[in-house]
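S.K.: If it helps, the file is called start.csv and holds CSV, C-alpha atoms and all ligand atoms:
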chain,number,residue,atom,x,y,z
F,205,MET,CA,98.0,-45.3,178.3
F,206,GLN,CA,97.5,-48.9,177.1
F,207,ASN,CA,94.4,-51.0,177.2
F,208,ASN,CA,93.3,-54.3,175.8
F,209,LEU,CA,91.2,-52.9,172.9
F,210,LYS,CA,91.2,-55.4,170.1
F,211,ILE,CA,91.0,-53.6,166.8
F,212,SER,CA,90.7,-55.0,163.3
F,213,PHE,CA,91.4,-52.9,160.2
F,214,ILE,CA,89.8,-53.8,156.9
F,215,GLY,CA,92.2,-52.2,154.4
F,216,GLY,CA,95.8,-51.4,155.4
F,217,GLY,CA,96.6,-48.5,153.0
F,218,ASN,CA,97.9,-45.0,153.6
F,219,MET,CA,95.3,-43.9,156.2
F,220,ALA,CA,95.2,-47.2,158.1
F,221,ALA,CA,99.0,-47.1,158.4
F,222,ALA,CA,98.9,-43.6,159.8
F,223,LEU,CA,96.3,-44.6,162.4
F,224,ILE,CA,98.2,-47.9,163.3
F,225,GLY,CA,101.4,-45.9,163.9
F,226,GLY,CA,99.6,-44.0,166.7
F,227,LEU,CA,97.9,-47.0,168.2
F,228,ALA,CA,100.3,-49.9,168.1
F,229,GLY,CA,102.1,-50.3,171.5
F,230,LYS,CA,100.5,-47.0,172.7
F,231,LEU,CA,96.7,-47.2,173.0
F,232,THR,CA,96.8,-51.0,172.8
F,233,ALA,CA,99.4,-53.8,172.4
F,234,ALA,CA,100.6,-54.3,168.8
F,235,GLY,CA,99.3,-57.9,169.1
F,236,ASN,CA,95.8,-56.6,169.6
F,237,ILE,CA,95.8,-55.0,166.1
F,238,HIS,CA,94.8,-57.0,163.1
F,239,VAL,CA,94.8,-55.9,159.5
F,240,VAL,CA,93.1,-57.5,156.6
F,241,ASP,CA,94.2,-56.4,153.1
F,242,ILE,CA,94.3,-58.0,149.7
F,243,ASN,CA,97.7,-56.4,149.0
F,244,ALA,CA,100.5,-58.6,150.3
F,245,ASP,CA,103.1,-55.8,150.1
F,246,SER,CA,101.0,-53.5,152.3
F,247,LEU,CA,100.6,-56.3,154.9
F,248,ALA,CA,104.3,-57.2,154.9
F,249,LYS,CA,105.2,-53.5,155.4
F,250,LEU,CA,102.7,-53.1,158.3
F,251,GLN,CA,103.8,-56.2,160.0
F,252,GLN,CA,107.5,-55.3,159.8
F,253,GLN,CA,106.9,-51.8,160.9
F,254,PHE,CA,104.5,-52.3,163.8
F,255,GLY,CA,104.6,-56.0,164.7
F,256,ILE,CA,100.8,-56.3,164.2
F,257,LYS,CA,98.8,-59.4,163.0
F,258,THR,CA,97.9,-59.5,159.4
F,259,SER,CA,95.8,-61.7,157.0
F,260,SER,CA,94.8,-61.6,153.4
F,261,GLU,CA,91.3,-62.8,154.2
F,262,ILE,CA,88.7,-62.1,156.9
F,263,ASP,CA,89.0,-64.7,159.6
F,264,ALA,CA,87.9,-65.5,163.2
F,265,THR,CA,89.9,-62.6,164.6
F,266,LEU,CA,87.3,-60.2,163.4
F,267,ALA,CA,84.5,-61.7,165.5
F,268,ALA,CA,86.8,-61.4,168.6
F,269,SER,CA,87.5,-57.7,167.9
F,270,ASP,CA,86.0,-54.8,169.9
F,271,VAL,CA,86.3,-52.4,167.0
F,272,VAL,CA,86.3,-53.0,163.2
F,273,VAL,CA,87.8,-50.1,161.3
F,274,LEU,CA,86.6,-49.8,157.7
F,275,ALA,CA,89.6,-48.3,155.8
F,276,VAL,CA,89.1,-49.2,152.2
F,277,LYS,CA,88.2,-46.8,149.4
F,278,PRO,CA,84.6,-45.7,149.1
F,279,GLN,CA,84.4,-47.5,145.8
F,280,GLN,CA,85.4,-50.8,147.5
F,281,MET,CA,83.2,-50.4,150.6
F,282,LYS,CA,80.0,-52.2,149.6
F,283,GLY,CA,81.8,-55.4,148.4
F,284,VAL,CA,84.0,-55.4,151.5
F,285,VAL,CA,81.2,-54.9,154.0
F,286,ALA,CA,79.2,-57.7,152.4
F,287,GLN,CA,82.0,-60.1,153.5
F,288,LEU,CA,81.9,-58.9,157.0
F,289,VAL,CA,78.2,-59.7,157.7
F,290,PRO,CA,78.7,-63.2,159.3
F,291,HIS,CA,81.4,-61.8,161.6
F,292,ILE,CA,79.8,-58.6,162.9
F,293,LYS,CA,77.8,-59.1,166.2
F,294,GLY,CA,78.2,-56.4,168.9
F,295,GLN,CA,81.5,-54.8,167.7
F,296,LEU,CA,81.8,-51.1,167.1
F,297,VAL,CA,82.2,-50.5,163.3
F,298,LEU,CA,84.2,-47.4,162.7
F,299,SER,CA,84.4,-46.1,159.1
F,300,ILE,CA,87.0,-43.6,157.9
F,301,ALA,CA,85.7,-43.6,154.3
F,302,ALA,CA,84.8,-40.4,152.6
F,303,GLY,CA,81.2,-40.1,151.5
F,304,ILE,CA,79.8,-43.5,152.5
F,305,ARG,CA,76.8,-42.9,154.9
F,306,ALA,CA,76.2,-44.7,158.1
F,307,VAL,CA,72.7,-45.6,157.0
F,308,ASP,CA,74.1,-47.5,153.9
F,309,LEU,CA,76.8,-49.3,156.1
F,310,SER,CA,74.0,-50.3,158.5
F,311,ARG,CA,71.8,-51.6,155.7
F,312,TRP,CA,74.7,-53.6,154.2
F,313,LEU,CA,75.5,-55.0,157.7
F,314,LYS,CA,71.9,-56.2,158.0
F,315,GLY,CA,70.7,-53.6,160.4
F,316,HIS,CA,73.9,-53.4,162.6
F,317,ASN,CA,73.8,-49.9,164.1
F,318,ALA,CA,76.8,-49.4,166.3
F,319,ILE,CA,78.6,-47.3,163.7
F,320,VAL,CA,80.9,-44.3,164.1
F,321,ARG,CA,81.7,-42.4,161.0
F,322,THR,CA,84.9,-40.5,161.1
F,323,MET,CA,87.1,-38.3,158.9
F,324,PRO,CA,90.7,-38.3,159.9
F,325,ASN,CA,93.7,-36.8,158.1
F,326,THR,CA,97.3,-37.9,157.3
F,327,PRO,CA,99.1,-35.7,159.9
F,328,ALA,CA,97.8,-38.6,162.2
F,329,LEU,CA,101.1,-40.2,161.0
F,330,ILE,CA,103.0,-37.9,163.4
F,331,GLY,CA,100.3,-37.6,166.1
F,332,LYS,CA,99.1,-34.3,164.7
F,333,GLY,CA,95.8,-35.4,163.0
F,334,ILE,CA,92.4,-34.0,163.6
F,335,THR,CA,89.3,-36.2,163.1
F,336,GLY,CA,85.6,-35.2,162.7
F,337,MET,CA,83.3,-37.9,164.0
F,338,VAL,CA,79.7,-38.8,164.5
F,339,ALA,CA,78.0,-41.7,166.2
F,340,THR,CA,74.8,-43.6,165.3
F,341,GLU,CA,72.1,-44.3,167.9
F,342,GLY,CA,73.2,-47.8,168.6
F,343,VAL,CA,76.7,-46.8,169.8
F,344,SER,CA,77.1,-47.3,173.5
F,345,LYS,CA,78.9,-44.9,175.8
F,346,GLU,CA,81.8,-47.3,176.1
F,347,GLN,CA,82.0,-47.6,172.3
F,348,ARG,CA,81.9,-43.9,171.8
F,349,ALA,CA,84.8,-43.5,174.3
F,350,ALA,CA,86.7,-46.3,172.5
F,351,ALA,CA,86.3,-44.5,169.2
F,352,ASP,CA,87.4,-41.2,170.7
F,353,ALA,CA,90.4,-42.9,172.3
F,354,ILE,CA,91.4,-44.4,169.0
F,355,MET,CA,91.3,-41.1,167.1
F,356,ARG,CA,92.9,-39.2,170.0
F,357,ALA,CA,95.8,-41.6,169.9
F,358,VAL,CA,96.7,-39.8,166.6
F,359,GLY,CA,95.6,-36.2,167.4
F,360,GLU,CA,92.5,-34.3,168.2
F,361,THR,CA,88.8,-35.1,167.8
F,362,VAL,CA,85.8,-33.0,166.9
F,363,TRP,CA,82.4,-34.7,167.5
F,364,LEU,CA,79.5,-33.7,165.3
F,365,ASP,CA,75.8,-33.9,165.9
F,366,ASP,CA,74.8,-34.1,162.3
F,367,GLU,CA,76.3,-36.6,159.9
F,368,LYS,CA,75.8,-34.2,157.0
F,369,LEU,CA,78.7,-32.1,158.4
F,370,ILE,CA,81.2,-34.9,157.6
F,371,ASP,CA,81.4,-33.8,154.0
F,372,PRO,CA,82.4,-30.2,155.0
F,373,VAL,CA,84.9,-31.7,157.5
F,374,THR,CA,86.3,-33.8,154.7
F,375,ALA,CA,86.7,-30.6,152.6
F,376,VAL,CA,88.4,-28.7,155.4
F,377,SER,CA,90.6,-31.2,157.3
F,378,GLY,CA,90.4,-34.5,155.5
F,379,SER,CA,91.6,-33.2,152.2
F,380,GLY,CA,93.2,-30.1,153.8
F,381,PRO,CA,96.7,-31.4,154.1
F,382,ALA,CA,96.8,-31.7,150.3
F,383,TYR,CA,95.9,-28.0,149.9
F,384,VAL,CA,98.8,-27.1,152.3
F,385,PHE,CA,101.2,-29.3,150.4
F,386,TYR,CA,100.0,-27.6,147.1
F,387,PHE,CA,100.6,-24.2,148.5
F,388,ILE,CA,104.1,-25.2,149.8
F,389,GLU,CA,104.9,-26.6,146.3
F,390,ALA,CA,104.0,-23.3,144.7
F,391,MET,CA,106.2,-21.4,147.2
F,392,GLN,CA,109.1,-23.8,146.5
F,393,GLN,CA,108.7,-23.3,142.8
F,394,ALA,CA,108.6,-19.5,143.1
F,395,ALA,CA,111.6,-19.6,145.4
F,396,GLN,CA,113.6,-21.5,142.7
F,397,GLU,CA,112.3,-19.2,139.9
F,398,MET,CA,113.7,-16.3,141.8
F,399,GLY,CA,117.1,-17.8,142.2
F,400,LEU,CA,117.1,-19.7,145.5
F,401,THR,CA,118.3,-23.3,145.5
F,402,ALA,CA,115.7,-26.1,146.0
F,403,GLU,CA,117.1,-26.8,149.4
F,404,GLN,CA,116.9,-23.1,150.5
F,405,GLY,CA,113.3,-22.8,149.0
F,406,ASN,CA,112.2,-26.0,150.8
F,407,ALA,CA,113.5,-24.9,154.2
F,408,LEU,CA,112.1,-21.4,153.8
F,409,ALA,CA,108.6,-22.5,152.6
F,410,ILE,CA,108.1,-25.3,155.1
F,411,SER,CA,109.4,-23.4,158.1
F,412,THR,CA,107.2,-20.5,157.2
F,413,PHE,CA,104.1,-22.8,157.2
F,414,VAL,CA,105.1,-24.5,160.5
F,415,GLY,CA,105.8,-21.2,162.2
F,416,ALA,CA,102.7,-19.4,160.9
F,417,ALA,CA,100.4,-22.3,161.7
F,418,GLN,CA,101.8,-22.5,165.3
F,419,LEU,CA,101.5,-18.8,165.7
F,420,ALA,CA,97.9,-19.0,164.5
F,421,ALA,CA,97.2,-21.9,167.0
F,422,GLN,CA,98.7,-20.0,169.9
F,423,ALA,CA,97.7,-16.4,169.3
F,424,SER,CA,94.6,-15.0,170.9
F,425,ASP,CA,94.0,-12.7,167.9
F,426,PRO,CA,92.1,-13.8,164.8
F,427,VAL,CA,94.2,-14.9,161.8
F,428,ALA,CA,93.1,-11.8,159.9
F,429,VAL,CA,94.8,-9.7,162.5
F,430,LEU,CA,98.0,-11.8,162.3
F,431,ARG,CA,97.9,-11.3,158.5
F,432,GLU,CA,97.5,-7.5,158.9
F,433,ARG,CA,100.6,-7.4,161.1
F,434,VAL,CA,102.7,-8.8,158.3
F,435,THR,CA,101.2,-6.5,155.8
F,436,SER,CA,103.0,-3.1,155.9
F,437,LYS,CA,101.3,-0.3,153.9
F,438,GLY,CA,102.8,-0.1,150.4
F,439,GLY,CA,105.1,-3.0,151.2
F,440,THR,CA,106.0,-6.4,149.8
F,441,THR,CA,103.2,-8.5,151.5
F,442,TYR,CA,100.7,-5.9,150.3
F,443,ALA,CA,102.0,-6.4,146.7
F,444,ALA,CA,101.6,-10.2,147.1
F,445,LEU,CA,98.2,-10.2,148.6
F,446,SER,CA,96.9,-7.6,146.1
F,447,SER,CA,98.1,-9.9,143.3
F,448,MET,CA,96.3,-12.9,145.0
F,449,GLU,CA,93.0,-10.9,145.4
F,450,ALA,CA,93.2,-9.8,141.8
F,451,SER,CA,93.6,-13.4,140.7
F,452,GLY,CA,90.7,-14.5,142.9
F,453,VAL,CA,92.8,-16.9,145.0
F,454,LYS,CA,90.6,-16.7,148.0
F,455,GLN,CA,87.4,-17.4,146.1
F,456,SER,CA,89.2,-20.3,144.2
F,457,ILE,CA,90.1,-21.9,147.5
F,458,ILE,CA,86.5,-21.5,148.7
F,459,ASN,CA,85.2,-23.0,145.4
F,460,ALA,CA,87.7,-25.9,145.6
F,461,MET,CA,86.6,-26.8,149.1
F,462,LYS,CA,83.0,-26.7,148.2
F,463,ALA,CA,83.9,-29.0,145.3
F,464,ALA,CA,85.5,-31.4,147.8
F,465,ALA,CA,82.4,-31.5,150.0
F,466,ALA,CA,80.2,-32.0,146.9
F,467,ARG,CA,82.4,-34.9,145.8
F,468,GLY,CA,82.0,-36.4,149.3
F,469,GLN,CA,78.2,-36.3,148.9
F,470,ALA,CA,78.4,-37.6,145.4
F,471,LEU,CA,80.6,-40.6,146.5
F,472,GLY,CA,77.9,-41.4,149.1
F,473,GLU,CA,75.2,-41.3,146.5
F,474,GLU,CA,77.1,-43.2,143.9
F,475,PHE,CA,78.7,-45.9,146.0
F,476,GLY,CA,76.1,-46.1,148.8
F,477,GLN,CA,73.3,-47.6,146.7
F,478,ASP,CA,72.0,-51.2,146.9
F,501,LIG,N1,94.3,-40.7,152.4
F,501,LIG,C1,93.8,-39.8,153.2
F,501,LIG,O1,94.3,-38.7,153.4
F,501,LIG,C2,92.5,-40.0,153.8
F,501,LIG,C3,91.7,-41.1,153.4
F,501,LIG,N2,90.5,-41.3,154.0
F,501,LIG,C4,89.7,-42.5,153.7
F,501,LIG,O2,90.4,-43.6,154.0
F,501,LIG,C5,90.0,-44.7,153.2
F,501,LIG,C6,91.3,-45.4,152.7
F,501,LIG,O3,92.1,-44.4,152.0
F,501,LIG,P1,93.6,-44.6,151.7
F,501,LIG,O4,94.2,-45.3,152.9
F,501,LIG,O5,94.1,-43.4,151.2
F,501,LIG,O6,93.5,-45.7,150.5
F,501,LIG,P2,94.5,-46.9,150.1
F,501,LIG,O7,94.1,-47.3,148.7
F,501,LIG,O8,95.9,-46.5,150.5
F,501,LIG,O9,94.1,-48.1,151.1
F,501,LIG,C7,93.0,-49.0,150.9
F,501,LIG,C8,93.6,-50.4,151.1
F,501,LIG,O10,92.5,-51.3,151.0
F,501,LIG,C9,92.9,-52.4,150.2
F,501,LIG,N3,91.7,-53.2,149.8
F,501,LIG,C10,91.0,-53.1,148.6
F,501,LIG,N4,90.1,-54.0,148.6
F,501,LIG,C11,90.1,-54.7,149.7
F,501,LIG,C12,89.4,-55.8,150.3
F,501,LIG,N5,88.4,-56.4,149.6
F,501,LIG,N6,89.7,-56.3,151.5
F,501,LIG,C13,90.8,-55.7,152.2
F,501,LIG,N7,91.5,-54.7,151.7
F,501,LIG,C14,91.2,-54.2,150.5
F,501,LIG,C15,93.7,-51.8,149.1
F,501,LIG,O11,94.4,-52.7,148.4
F,501,LIG,P3,94.8,-52.3,146.8
F,501,LIG,O12,95.7,-51.1,146.9
F,501,LIG,O13,95.4,-53.5,146.3
F,501,LIG,O14,93.5,-52.0,146.2
F,501,LIG,C16,94.5,-50.8,149.9
F,501,LIG,O15,95.7,-51.4,150.5
F,501,LIG,C17,89.2,-44.2,152.0
F,501,LIG,O16,87.9,-44.5,152.2
F,501,LIG,C18,89.4,-42.6,152.2
F,501,LIG,O17,88.2,-42.0,151.8
F,501,LIG,C19,90.0,-40.5,155.0
F,501,LIG,C20,90.7,-39.5,155.4
F,501,LIG,C21,92.0,-39.1,154.8
F,502,LIG,O1,90.8,-37.7,148.6
F,502,LIG,C1,90.0,-38.4,149.3
F,502,LIG,O2,88.9,-38.8,148.8
F,502,LIG,C2,90.3,-38.8,150.7
F,502,LIG,C3,89.3,-38.3,151.7
F,502,LIG,C4,90.0,-37.2,152.4
F,502,LIG,C5,91.4,-37.2,152.0
F,502,LIG,N1,91.6,-38.2,151.1
Go through the file and emit its structure as structure tokens.
M.R.:
Amino acid sequence: MQNNLKISFIGGGNMAAALIGGLAGKLTAAGNIHVVDINADSLAKLQQQFGIKTSSEIDATLAASDVVVLAVKPQQMKGVVAQLVPHIKGQLVLSIAAGIRAVDLSRWLKGHNAIVRTMPNTPALIGKGITGMVATEGVSKEQRAAADAIMRAVGETVWLDDEKLIDPVTAVSGSGPAYVFYFIEAMQQAAQEMGLTAEQGNALAISTFVGAAQLAAQASDPVAVLRERVTSKGGTTYAALSSMEASGVKQSIINAMKAAAARGQALGEEFGQD
């Protein structure tokens, strides 16, 4: 599916690159995608990889865009948005930043209220992302559909009614890939400490994650039942899970995710001020 959607990215870092990979030449022609970034290396890489337009400064391309994607760090957002004001008229502004609230973006944009706040994740790079998203009142039906199409180009979407839920989404799926990588790293380390080679440990740990995740996605049973099926009475899995319970692993994960959500809220409070 290709359409003529003109999309400008402000910030061409890790997450923007993951999104552009799913959009360029797929949802829209590469020539319809424009990236503004202060980092010349990032721009050169993006242009070479995807054949998109790039510039180091905001220019007239922005005013001609249908969608402006804000993809800089939360700490950089206020300064960046201030530069956009003269160029934002009726475009949809789509933010992927953690923490920064739509009300603050709208105020910085002098009352512009066609804003969709989203929280994607890096598996977007391979079309397996999932994005939580919420629209402000000024977003038209067509703009909501465009936002959905952009994020669906790199995976699934989950629409929320309440912007407050973006912080929990950030804690679950936005930051989530890092928890998975952390768990895989621990499994790889354990594999090596028990005598397997790095290559063997990598293959075993990663395939186990992929296989178990796909089984969980396809099974009609809850994951707790799938876990119980692996856990023979008095067996090896029971020994491992008992050790995890005794160390408070589950509660640690819950605490960590609540810390991520709290950090999202704090970023909004810290970097969303006037
Ligand atoms: N990484 C992830 O997994 C996810 C990230 N996000 C959100 O995405 C956003 C971007 O994150 P990520 O891609 O990881 O960050 P990156 O640092 O990789 O990308 C941000 C880019 O913006 C550039 N930049 C800084 N200032 C400006 C400016 N004034 N004008 C234009 N470009 C500028 C940076 O350049 P320089 O490096 O020189 O500063 C950098 O290339 C964040 O708000 C984050 O919360 C959301 C979901 C997941
Ligand atoms: O760590 C962060 O703040 C960003 C948001 C979600 C994933 N990365």
S.K.: Quick one: residues within 12 Å of Asp245 of chain F, all atoms listed in the file counted, chain neighbours fewer than 6 positions away excluded, as a PyMOL selection string?
M.R.: chain F and resi 216-217+251-252+258-260
S.K.: Can those selected residues be exported to a file as an mmCIF file, in the frame of the given file so that it contains C-alpha atoms?
M.R.:
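File written: out.cif
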data_model
loop_
_atom_site.group_PDB
_atom_site.id
_atom_site.type_symbol
_atom_site.label_atom_id
_atom_site.label_comp_id
_atom_site.auth_asym_id
_atom_site.auth_seq_id
_atom_site.Cartn_x
_atom_site.Cartn_y
_atom_site.Cartn_z
ATOM 1 C CA GLY F 216 95.800 -51.400 155.400
ATOM 2 C CA GLY F 217 96.600 -48.500 153.000
ATOM 3 C CA GLN F 251 103.800 -56.200 160.000
ATOM 4 C CA GLN F 252 107.500 -55.300 159.800
ATOM 5 C CA THR F 258 97.900 -59.500 159.400
ATOM 6 C CA SER F 259 95.800 -61.700 157.000
ATOM 7 C CA SER F 260 94.800 -61.600 153.400
#
S.K.: Please report the interatomic distance between atom CA of Ala268 of chain F and atom CA of Ile370 of chain F in Å with one decimal.
M.R.: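 Taking atom CA of Ala268 of chain F and atom CA of Ile370 of chain F, their separation equals 29.2 Å.
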S.K.: What are the closest atom pairs, with distances in Å to one decimal, for each residue of chain F lying within 10 Å of ligand LIG 502 (chain F), using only C-alpha atoms and all ligand atoms, rows by chain and rising residue number, as JSON lines?
M.R.:
{"residue": "F:Asn218", "atom": "CA", "partner": "F:LIG502", "partner_atom": "N1", "distance": 9.6}
{"residue": "F:Met219", "atom": "CA", "partner": "F:LIG502", "partner_atom": "N1", "distance": 8.5}
{"residue": "F:Lys277", "atom": "CA", "partner": "F:LIG502", "partner_atom": "O2", "distance": 8.1}
{"residue": "F:Pro278", "atom": "CA", "partner": "F:LIG502", "partner_atom": "O2", "distance": 8.1}
{"residue": "F:Ile300", "atom": "CA", "partner": "F:LIG502", "partner_atom": "C3", "distance": 8.5}
{"residue": "F:Ala301", "atom": "CA", "partner": "F:LIG502", "partner_atom": "C3", "distance": 6.9}
{"residue": "F:Ala302", "atom": "CA", "partner": "F:LIG502", "partner_atom": "C3", "distance": 5.0}
{"residue": "F:Gly303", "atom": "CA", "partner": "F:LIG502", "partner_atom": "O2", "distance": 8.3}
{"residue": "F:Met323", "atom": "CA", "partner": "F:LIG502", "partner_atom": "C4", "distance": 7.2}
{"residue": "F:Pro324", "atom": "CA", "partner": "F:LIG502", "partner_atom": "C4", "distance": 7.6}
{"residue": "F:Asn325", "atom": "CA", "partner": "F:LIG502", "partner_atom": "C5", "distance": 6.5}
{"residue": "F:Thr326", "atom": "CA", "partner": "F:LIG502", "partner_atom": "C5", "distance": 8.0}
{"residue": "F:Asp371", "atom": "CA", "partner": "F:LIG502", "partner_atom": "C3", "distance": 9.4}
{"residue": "F:Val373", "atom": "CA", "partner": "F:LIG502", "partner_atom": "C4", "distance": 9.1}
{"residue": "F:Thr374", "atom": "CA", "partner": "F:LIG502", "partner_atom": "C4", "distance": 5.5}
{"residue": "F:Ala375", "atom": "CA", "partner": "F:LIG502", "partner_atom": "C4", "distance": 7.4}
{"residue": "F:Val376", "atom": "CA", "partner": "F:LIG502", "partner_atom": "C4", "distance": 9.2}
{"residue": "F:Ser377", "atom": "CA", "partner": "F:LIG502", "partner_atom": "C4", "distance": 7.8}
{"residue": "F:Gly378", "atom": "CA", "partner": "F:LIG502", "partner_atom": "C4", "distance": 4.1}
{"residue": "F:Ser379", "atom": "CA", "partner": "F:LIG502", "partner_atom": "C5", "distance": 4.0}
{"residue": "F:Gly380", "atom": "CA", "partner": "F:LIG502", "partner_atom": "C5", "distance": 7.5}
{"residue": "F:Pro381", "atom": "CA", "partner": "F:LIG502", "partner_atom": "C5", "distance": 8.1}
{"residue": "F:Ala382", "atom": "CA", "partner": "F:LIG502", "partner_atom": "C5", "distance": 7.9}
{"residue": "F:Ala464", "atom": "CA", "partner": "F:LIG502", "partner_atom": "O2", "distance": 8.2}
{"residue": "F:Ala465", "atom": "CA", "partner": "F:LIG502", "partner_atom": "C4", "distance": 9.8}
{"residue": "F:Arg467", "atom": "CA", "partner": "F:LIG502", "partner_atom": "O2", "distance": 8.2}
{"residue": "F:Gly468", "atom": "CA", "partner": "F:LIG502", "partner_atom": "O2", "distance": 7.3}
{"residue": "F:Leu471", "atom": "CA", "partner": "F:LIG502", "partner_atom": "O2", "distance": 8.8}
S.K.: Could I get the residues of segment 339-398 of chain F with an atom no further than 7 Å from an atom of segment 404-407 of chain F, each paired with its nearest atom pair and that distance in Å to one decimal, using only C-alpha atoms, sorted by chain and residue number, as JSON lines?
M.R.:
{"residue": "F:Gln392", "atom": "CA", "partner": "F:Gly405", "partner_atom": "CA", "distance": 5.0}
{"residue": "F:Ala395", "atom": "CA", "partner": "F:Gly405", "partner_atom": "CA", "distance": 5.1}
{"residue": "F:Gln396", "atom": "CA", "partner": "F:Gly405", "partner_atom": "CA", "distance": 6.4}
S.K.: From the options F:Gly229, F:Gly215, F:Gly336, F:Pro372, which residue's atoms come nearest to ligand LIG 501 (chain F), counting only C-alpha atoms and all ligand atoms?
M.R.: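 Nearest candidate to ligand LIG 501 (chain F) out of F:Gly229, F:Gly215, F:Gly336, F:Pro372: F:Gly215.
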S.K.: Given only C-alpha atoms and all ligand atoms as the basis, pick out the residue of F:Lys462, F:Glu397, F:Gly472, F:Ala357 nearest to ligand LIG 501 (chain F).
M.R.: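 For ligand LIG 501 (chain F), the nearest of the given residues is F:Gly472.
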S.K.: Between F:Val414, F:Ala275, F:Val429, F:Ala221, which residue has the minimum interatomic distance to ligand LIG 501 (chain F), considering all atoms listed in the file?
M.R.: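 Distance minimum relative to ligand LIG 501 (chain F) lands on F:Ala275.
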S.K.: Looking at all atoms listed in the file, which of F:Gln393, F:Thr322, F:Gln295, F:Ser269 is the one that sits closest to ligand LIG 501 (chain F)?
M.R.: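 Checking each candidate against ligand LIG 501 (chain F), we get F:Thr322 as the closest.
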S.K.: Since the input lacks atoms, please generate N, CA and C atoms for segment 409-422 of chain F and provide them as a tab-separated table (two decimals), in the frame of the given file.
M.R.:
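And here is the file that came out, part08.tsv:
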chain	number	residue	atom	x	y	z
F	409	ALA	N	110.07	-22.31	152.78
F	409	ALA	CA	108.60	-22.50	152.60
F	409	ALA	C	108.04	-23.32	153.77
F	410	ILE	N	108.69	-24.43	154.07
F	410	ILE	CA	108.10	-25.30	155.10
F	410	ILE	C	108.18	-24.68	156.48
F	411	SER	N	109.30	-24.05	156.81
F	411	SER	CA	109.40	-23.40	158.10
F	411	SER	C	108.39	-22.27	158.27
F	412	THR	N	108.15	-21.59	157.16
F	412	THR	CA	107.20	-20.50	157.20
F	412	THR	C	105.78	-21.07	157.53
F	413	PHE	N	105.43	-22.19	156.91
F	413	PHE	CA	104.10	-22.80	157.20
F	413	PHE	C	104.02	-23.27	158.64
F	414	VAL	N	105.07	-23.97	159.08
F	414	VAL	CA	105.10	-24.50	160.50
F	414	VAL	C	104.96	-23.33	161.45
F	415	GLY	N	105.79	-22.31	161.25
F	415	GLY	CA	105.80	-21.20	162.20
F	415	GLY	C	104.50	-20.40	162.17
F	416	ALA	N	103.97	-20.14	160.98
F	416	ALA	CA	102.70	-19.40	160.90
F	416	ALA	C	101.56	-20.17	161.47
F	417	ALA	N	101.53	-21.48	161.22
F	417	ALA	CA	100.40	-22.30	161.70
F	417	ALA	C	100.50	-22.36	163.27
F	418	GLN	N	101.71	-22.50	163.81
F	418	GLN	CA	101.80	-22.50	165.30
F	418	GLN	C	101.46	-21.19	165.89
F	419	LEU	N	101.85	-20.12	165.22
F	419	LEU	CA	101.50	-18.80	165.70
F	419	LEU	C	99.96	-18.62	165.70
F	420	ALA	N	99.33	-19.07	164.61
F	420	ALA	CA	97.90	-19.00	164.50
F	420	ALA	C	97.20	-19.80	165.64
F	421	ALA	N	97.79	-20.98	165.92
F	421	ALA	CA	97.20	-21.90	167.00
F	421	ALA	C	97.34	-21.25	168.35
F	422	GLN	N	98.45	-20.53	168.57
F	422	GLN	CA	98.70	-20.00	169.90
F	422	GLN	C	98.21	-18.62	170.18
